[in-house]
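Step one of this worksheet: look at the structure below.
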Number of protein chains: 2
Amino acid sequence: MIIMPVVFIEPYGIRVVAKKGQTLLEVLRTASIPIQSLCGGYGACGKDKIIVVRGKEALSPLTSSEKKYLSPEEIAKGYRLSCQARIIDENVVGIFIPEESRVKKTERKVASEGYMKEYELDPLVKKITVIVPQPALDDQRGDFERIRDTVVKITGLKEIRASLEILQELPFKARNNGWKFSAIFWGDELIEIKNAEDTGGIFGVGVDIGTSKIVVHLVDLEKGEIKKVAFAENPQLGFGEDIMTRMTFANANKENLLKLHNLLIEVINDLIGQVTRESGVSPENIYEVVVVGNTAMHHFFLGLPTNFLASSPYVPVIADIVSFNAKDLGLKTNSRAKVTVLPNIAGYVGADAVADAVAVNILEKKDNILLVDIGTNTEIFAGNAEAMVTCSTPSGPALEGAHIIDGMKAVEGAIERVSIDENGNVEYETIGNAKPKGICGSGIIDAIAQLFIRGIIDARGKIVKNLPLNRIVKGTYGWGYVLAWGNETSSGKDIIIWERDISEILLAKAAIYTGISIAIRRRGIGIHDLKEIYIAGSFGYHIDPVNAIIIGLFPDLPVDKIHFVGNTAIAGADLALLSKKAREEAKNIVQRAKYIELTIDPLFQKEFVSALSLPHRELERFPSVAKILQQKR
Amino acid sequence: MIIMPVVFIEPYGIRVVAKKGQTLLEVLRTASIPIQSLCGGYGACGKDKIIVVRGKEALSPLTSSEKKYLSPEEIAKGYRLSCQARIIDENVVGIFIPEESRVKKTERKVASEGYMKEYELDPLVKKITVIVPQPALDDQRGDFERIRDTVVKITGLKEIRASLEILQELPFKARNNGWKFSAIFWGDELIEIKNAEDTGGIFGVGVDIGTSKIVVHLVDLEKGEIKKVAFAENPQLGFGEDIMTRMTFANANKENLLKLHNLLIEVINDLIGQVTRESGVSPENIYEVVVVGNTAMHHFFLGLPTNFLASSPYVPVIADIVSFNAKDLGLKTNSRAKVTVLPNIAGYVGADAVADAVAVNILEKKDNILLVDIGTNTEIFAGNAEAMVTCSTPSGPALEGAHIIDGMKAVEGAIERVSIDENGNVEYETIGNAKPKGICGSGIIDAIAQLFIRGIIDARGKIVKNLPLNRIVKGTYGWGYVLAWGNETSSGKDIIIWERDISEILLAKAAIYTGISIAIRRRGIGIHDLKEIYIAGSFGYHIDPVNAIIIGLFPDLPVDKIHFVGNTAIAGADLALLSKKAREEAKNIVQRAKYIELTIDPLFQKEFVSALSLPHRELERFPSVAKILQQKR
């Protein structure tokens with residue numbers, strides 16, 4: 001019998017049989033446990049820190065790289081760099097992956113940036129320098145025509161257009177600059193004439209109107225960079241947390257719709273004001289605003305009635321990409337700026353989802369991918385450039401901490417990481433390392449996954465009542481499990497996860513998994529045909545992927561296939577500002593994506609009920625979870 | 001010696017040698033004297049009345065047709081129908097062509113309609129009836145997209161567009177009509193949705209903004225007919241009679257320009273209000289306004305600065321055909337209506353001249369034509385579809401009675417027809433048969449022509465002072481000729497044409513003739529290559545063509561080649577409303593017409609000076625006038 005080294009990986013409770021000579025990083029990769037490693041395993045980044053909790057002596061000694069990146073305090077606590085620590089003995093090694101080494105994140109409270117595919121800088125707004133022949137008695141062309149003739153000669157444009165406003169200014173601007181000036185075009189429309197030496201720059205604004213948050217990016221269209229970011233709560237929250245409540249309000253009369261519309265315009269203007277002030281850019285230098293949002297937000301932004309979006313068959317007024325004058329919508333930018341709203345696919349797959357798909361570059365994918373933008377409503381794409389299926393699933397707000405008794409948003413004091421050991425002891429981390437106030441979505445997922453693998457809750461999410469654990473309590477809300485005792489919390493009260501909280505989460509994760517499962521089926525592929533999984537949205541960003549698989553939220557695939565891409569909706573909006581091609585891609589995605597109305601899919605009922613189990617009624621769909629459960633028994 | 005019958009034709013003082021058996025109409029045609037004859041000489045219209053003043057016995061007896069069309073009083077006065085009265089003897093016959101039989105006219109004070117070429121009814125504004133499949137769970141296309149898909153199927157359109165305003169209304173309008181409705185398009189833009197049974201009609205408004213008069217036509221775009229006409233004085237007259245004074249005012253500051261702009265918008269709105277009220281058409285049913293005017297009016301209408309139009313090299317801001325939202329210009333029509341302004345050619349050949357050229361169908365002419373739109377500024381086209389030359393000449397306001405001491409506009413009491421017999425006796429007609437108050441343009445031309453052929457003024461327009469005529473007077477303004485004695489006039493004062501009035505007219509006619517002459521030369525043709533002459537404009541409408549040739553205003557060609565086509569500017573605007581092709585023609589004319597800046601043409605100086613004579617310093621250019629003069633000597 002050959003004895004092999006074994007590595008226990010916490011907080012996931014995963015046991016991996018390793019080989020002598022492997023680094024811990026290699027072991028983690030074998031087990032598909034994600035860990036930060038910017039340099040690729042050469043000890044050059046110091047990001048792949050792990051804590052050795054057992055079997056320190058079975059590992060190679062500290063390297064010079066570790067001495068460089070680890071503080072004496074860390075070394076004392078057992079910290080190592082996973083790429084440097086090599087297994088040198090057939091022993092049991094226990095490691096813990098600290099929060100800081102898990103998934104990369106930029107911004108905790110709202111994912112205000114997201115993954116953006118590579119693109120060629122080719123914005124629709126362009127500045128060109130023109131030198132126009134001056135008028136003369138033998139050349140009496142109109143001012144506009146002489147500019148047009150010059151522009152047509154030096155660009156690929158066949159014609160140019162201009163608004164009345166620019167025509168009214170043009171004669172003076174052209175002459176004051178001696179007929180040599182910078183002409184700014186939006187497509188073929190001349191929207192500004194400036195001194196050739198003007199250094200004010202050419203900017204665009206990307207806007208993601210979320211149901212809860214609104215994110216604004218000030219984008220430098222010449223440099224192709226995000227100059228400034230700002231975000232705010234969606235002021236419509238006062239008219240209902242969920243979209244349906246707001247639509248019911250808006251549909252009562254035109255004034256109500258206008259109220260919701262104006263709230264958006266005002267907050268976007270405030271955010272534009274903020275990013276321009278903070279960056280020293282004049283709003284006059286903003287020439288285009290690209291807006292994404294779910295279909296309801298799209299309609300509220302444009303002042304379009306949502307009456308027929310709110311009830312079956314849930315059709316939008318318009319799905320096409322549209323552009324209007326920013327001025328006509330009351331946006332405070334250059335008065336000739338345009339506002340473009342990316343296209344919708346259906347009532348519940350909006351411009352934000354299309355933007356996600358653009359940002360992750362779905363149209364260049366030969367292999368099948370899965371794209372999931374988790375929110376109150378979760379939008380899913382499955383497929384590749386050739387064929388893709390999209391659907392939307394009503395995942396509700398529980399994953400964001402709502403409808404959870406001790407739930408809260410991901411703000412300071414929220415328990416965001418939970419690990420439970422074999423004895424039912426709880427370790428947790430809070431945002432800002434503050435005293436815990438409650439638990440947010442990622443913490444709840446961790447807790448449920450950990451309770452499940454430790455056998456404290458069963459596959460239906462019910463607490464196993466006869467266990468000898470003092471954290472199991474019965475109270476006002478039925479049975480629960482204490483995550484933090486009152487003496488640890490800011491309020492002095494226990495923070496408890498209740499059976500009914502678990503039910504809420506199971507409903508949410510079942511909705512998402514059902515959407516994923518049906519989308520894949522309708523695309524004609526299986527789970528294992530997926531090459532990559534993109535998890536978009538500010539919530540998804542914080543999920544621990546291993547725990548998410550354990551509860552059956554994500555399909556059971558190697559976690560290195562899972563990419564947390566953040567706010568790809570705003571990234572898609574930015575891409576549309578920066579690249580004409582991205583707009584075409586958005587249109588193409590709308591054309592190609594086959595929309596599935598989930599609730600009327602014949603598979604829906606059975607899939608949904610099966611997905612209500614932990615991880616799933618058909619355990620064979622989650623072999624890695626099955627393996628963990630086997631180890632426990 | 002063969003004795004031939006001779007016919008004296010008054011008021012022109014023309015003597016024609018005729019043949020026995022000819023009708024008087026045939027004689028008039030030989031001499032190229034225009035006379036109304038709707039039926040073509042078959043005694044079936046009664047329009048070709050003449051008065052036989054001498055040699056009644058040399059003519060055939062009254063026919064039954066004459067007994068039908070002439071009243072007993074007319075018969076007693078010597079009236080005949082020229083097509084019925086046949087010369088039966090070698091005698092001298094004297095005839096007088098009464099005003100009523102001369103040139104056709106519709107409206108005395110302002111030519112508010114003009115000749116309009118034949119066209120195929122194909123307006124840019126079109127109403128189509130669509131039946132759209134209703135939304136369903138298995139057909140969740142957006143409202144706009146399902147309408148688009150239907151429209152694309154039944155029309156030649158590839159795409160359709162819609163404003164935000166129409167998108168905001170569309171869901172309700174579509175459903176309230178059960179998805180069967182009339183869709184009104186302006187090109188590819190959906191601008192209205194109406195009940196399929198709606199009978200409100202589809203209307204357009206044609207607008208001719210003249211320096212003095214503004215004419216508005218309400219045009220039925222389904223029936224292709226002018227429903228109502230209205231006109232008003234240009235309210236800018238308070239800021240100067242001539243364009244240059246108004247431009248100087250406008251160029252001082254933006255507020256002044258805006259003032260002139262607003263005056264136009266207000267008066268056009270008033271006129272639109274008038275034509276809609278009077279015809280019972282709702283302004284809501286007006287979907288397009290097509291505007292023409294000279295380049296300055298074009299600019300004032302659009303609020304474009306005229307600063308660089310007013311001084312050399314006289315360039316407009318824009319010459320292209322342009323369309324904007326009528327609402328943005330403050331026009332009171334349907335809120336989605338468009339306003340289109342036809343293209344300009346140059347600073348002084350504006351959209352009105354282009355409209356003239358469209359209306360007379362210059363692009364279909366194989367033979368060369370001359371088109372002259374007489375006004376304060378006179379625009380000229382010479383050529384055919386293949387090649388055309390255009391220019392503008394500053395003819396001034398004298399031809400409209402301004403700057404003439406006893407001059408007045410063509411309103412009641414104006415002397416509009418003058419004939420002077422061999423003895424210097426004057427006969428005149430006034431507008432409205434009122435007591436004379438002054439003399440208008442057509443009367444002055446008549447008077448100068450008649451004074452000239454009677455030898456009372458010389459070729460330089462100077463009065464021959466030693467003639468024994470008591471009408472020759474010397475007074476405050478130098479030498480003059482009394483047209484009406486004080487006891488005949490409404491003021492009790494003599495109405496006199498002064499030498500300096502004649503000088504004013506000579507300057508005006510020299511400017512026009514020079515323009516004509518150079519345009520023809522630059523087109524590479526001669527006077528005799530002209531197949532047709534179109535005289536456009538409200539003034540031209542009233543000119544006696546024979547007298548106009550005598551003074552050298554029109555080139556010496558058979559008068560049956562001269563067509564008085566009235567307000568072809570408004571006709572061109574109407575055509576653009578009624579026919580997409582007419583818009584293309586307007587663009588083509590701008591492309592093809594070679595513009596000549598007259599003042600810098602090397603021929604200008606000499607031509608102008610020569611044209612200051614009556615009829616011209618080179619008398620050989622006016623052989624028919626030379627012949628009349630020879631007869632007198």
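FYI, nothing fancy with the structure tokens labels: chains A, B, ... in order, residues from 1 per chain, ligands from 1 as they appear.
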message: With 6 Å as the limit and counting only C-alpha atoms, what residues in chain B lie close to chain A? Please list them as a ChimeraX atom specification.
response: /B:136-137,140,142-144,168,304,313,315-319
Quick one: write out the picked residues with N, CA and C atoms as a tab-separated table (two decimals), in the first residue's frame?
chain	number	residue	atom	x	y	z
B	136	ALA	N	-47.76	37.83	-27.96
B	136	ALA	CA	-48.15	36.59	-27.28
B	136	ALA	C	-46.90	36.05	-26.60
B	137	LEU	N	-47.07	35.10	-25.70
B	137	LEU	CA	-45.90	34.56	-24.99
B	137	LEU	C	-44.91	33.93	-25.96
B	140	GLN	N	-42.80	37.66	-28.40
B	140	GLN	CA	-42.61	38.77	-27.47
B	140	GLN	C	-41.82	39.92	-28.08
B	142	GLY	N	-40.87	43.49	-29.40
B	142	GLY	CA	-41.29	44.80	-28.91
B	142	GLY	C	-42.38	45.37	-29.82
B	143	ASP	N	-43.17	46.29	-29.27
B	143	ASP	CA	-44.23	46.91	-30.06
B	143	ASP	C	-43.66	47.51	-31.35
B	144	PHE	N	-42.56	48.24	-31.20
B	144	PHE	CA	-41.97	48.90	-32.35
B	144	PHE	C	-41.50	47.88	-33.38
B	168	GLN	N	-43.50	56.83	-27.01
B	168	GLN	CA	-44.21	56.95	-25.74
B	168	GLN	C	-45.71	56.74	-25.90
B	304	LEU	N	-30.53	81.27	-39.04
B	304	LEU	CA	-29.10	81.18	-39.37
B	304	LEU	C	-28.54	82.59	-39.59
B	313	PRO	N	-17.53	87.22	-49.89
B	313	PRO	CA	-18.06	86.61	-51.11
B	313	PRO	C	-19.46	86.01	-51.00
B	315	VAL	N	-21.48	84.07	-48.99
B	315	VAL	CA	-21.75	82.62	-48.89
B	315	VAL	C	-22.82	82.34	-47.84
B	316	PRO	N	-23.69	81.40	-48.18
B	316	PRO	CA	-24.71	80.99	-47.22
B	316	PRO	C	-24.10	80.06	-46.16
B	317	VAL	N	-24.82	79.88	-45.05
B	317	VAL	CA	-24.37	78.92	-44.04
B	317	VAL	C	-24.50	77.50	-44.58
B	318	ILE	N	-25.62	77.27	-45.23
B	318	ILE	CA	-25.85	75.94	-45.81
B	318	ILE	C	-26.67	76.12	-47.07
B	319	ALA	N	-26.37	75.32	-48.07
B	319	ALA	CA	-27.12	75.37	-49.32
B	319	ALA	C	-27.99	74.12	-49.47
query: as number ranges by chain, which residues of segment 282-506 of chain A does DSSP assign to strand (DSSP E or B)?
result: A: 286-293, 322-325, 338-341, 346, 349, 368-373, 378-383, 388-393, 407, 414-420, 426-430, 438-439, 457, 463, 472-475, 478-484, 495-498
message: Applying 8 Å and only C-alpha atoms, which residues near Val349 of chain B remain after dropping the ones on its own chain fewer than 2 positions away? List them as a ChimeraX atom specification.
response: /B:294-295,344-347,351-354,379,390-392
- request: Extract, using only C-alpha atoms, all DNA, RNA and protein residues at most 7 Å from Leu264 of chain A, discarding same-chain residues fewer than 4 positions from it, and format them as a PyMOL selection string.
  value: chain A and resi 260+268+301
- request: Please report, as a ChimeraX atom specification, each residue of segment 369-590 of chain B to which DSSP assigns helix (DSSP H, G or I) when run on this structure's backbone.
  value: /B:398-400,431-433,441-453,486-488,499-523,527-529,540-542,545-550,559-561,568-578,580-590
- request: Find the residues near Tyr115 of chain A: any atom within 10 Å, counting only C-alpha atoms, skip ones fewer than 6 places away on the same chain, and give them as a list in words.
  value: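 The residues that qualify are Asp356, Ala359, Val360, Tyr534, Ala536, His563, Phe564, Val565, Gly566, Asn567, Thr568, Ala569, Ile570, Ala571 and Gly572 of chain A.
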Contacts of Gly401 of chain B within 12 Å, only C-alpha atoms, excl. fewer than 2 positions in-chain, as a ChimeraX atom specification: /B:375-376,396-399,403-411,414-416,438-445,497,501-502,504-505,508,539
query: Which distance in Å separates atom CA of Asn234 of chain B and atom CA of Ser335 of chain B, to one decimal?
result: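 So the answer is 25.1 Å.
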field: Nearest to Glu100 of chain A by atom-to-atom distance, counting only C-alpha atoms, from A:Gln450, A:Thr30, A:Ser212, A:Gln36
entry: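 Result for the nearest residue to Glu100 of chain A: A:Gln36.
With only C-alpha atoms as the atoms that count, the residue of A:Cys83, A:Val6, A:Ile420, A:Ala484 with the shortest distance to Lys47 of chain A is A:Cys83.
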- request: For segment 286-288 of chain B, please output as a ChimeraX atom specification all residues within 12 Å (counting only C-alpha atoms; exclusion window: fewer than 2 positions along the same chain).
  value: /B:123-127,184-187,189-192,200-207,217-222,272-273,275-276,281-284,290-291,323-327,331-341,573-574,576-578
Minimum-distance residue to Val289 of chain A, chosen among A:Leu70, A:Ile321, A:Leu629, A:Val216 (using only C-alpha atoms):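 Answer, going by the shortest atom-to-atom distance: A:Val216.
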Nearest-residue call for Arg592 of chain B, choices B:Val473, B:Ala357, B:Ile549, B:Ala626, using only C-alpha atoms: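 The answer is B:Ala357, which sits nearest to Arg592 of chain B.
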- request: Find the distance between atom CA of Ser538 of chain B and atom CA of Ile209 of chain B and write it in Å to one decimal.
  value: 12.7 Å
Pick from B:Gly178, B:Gly55, B:Pro555, B:Gly94 nearest to Val7 of chain B, counting only C-alpha atoms: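 Among the listed residues, B:Gly94 lies closest to Val7 of chain B.
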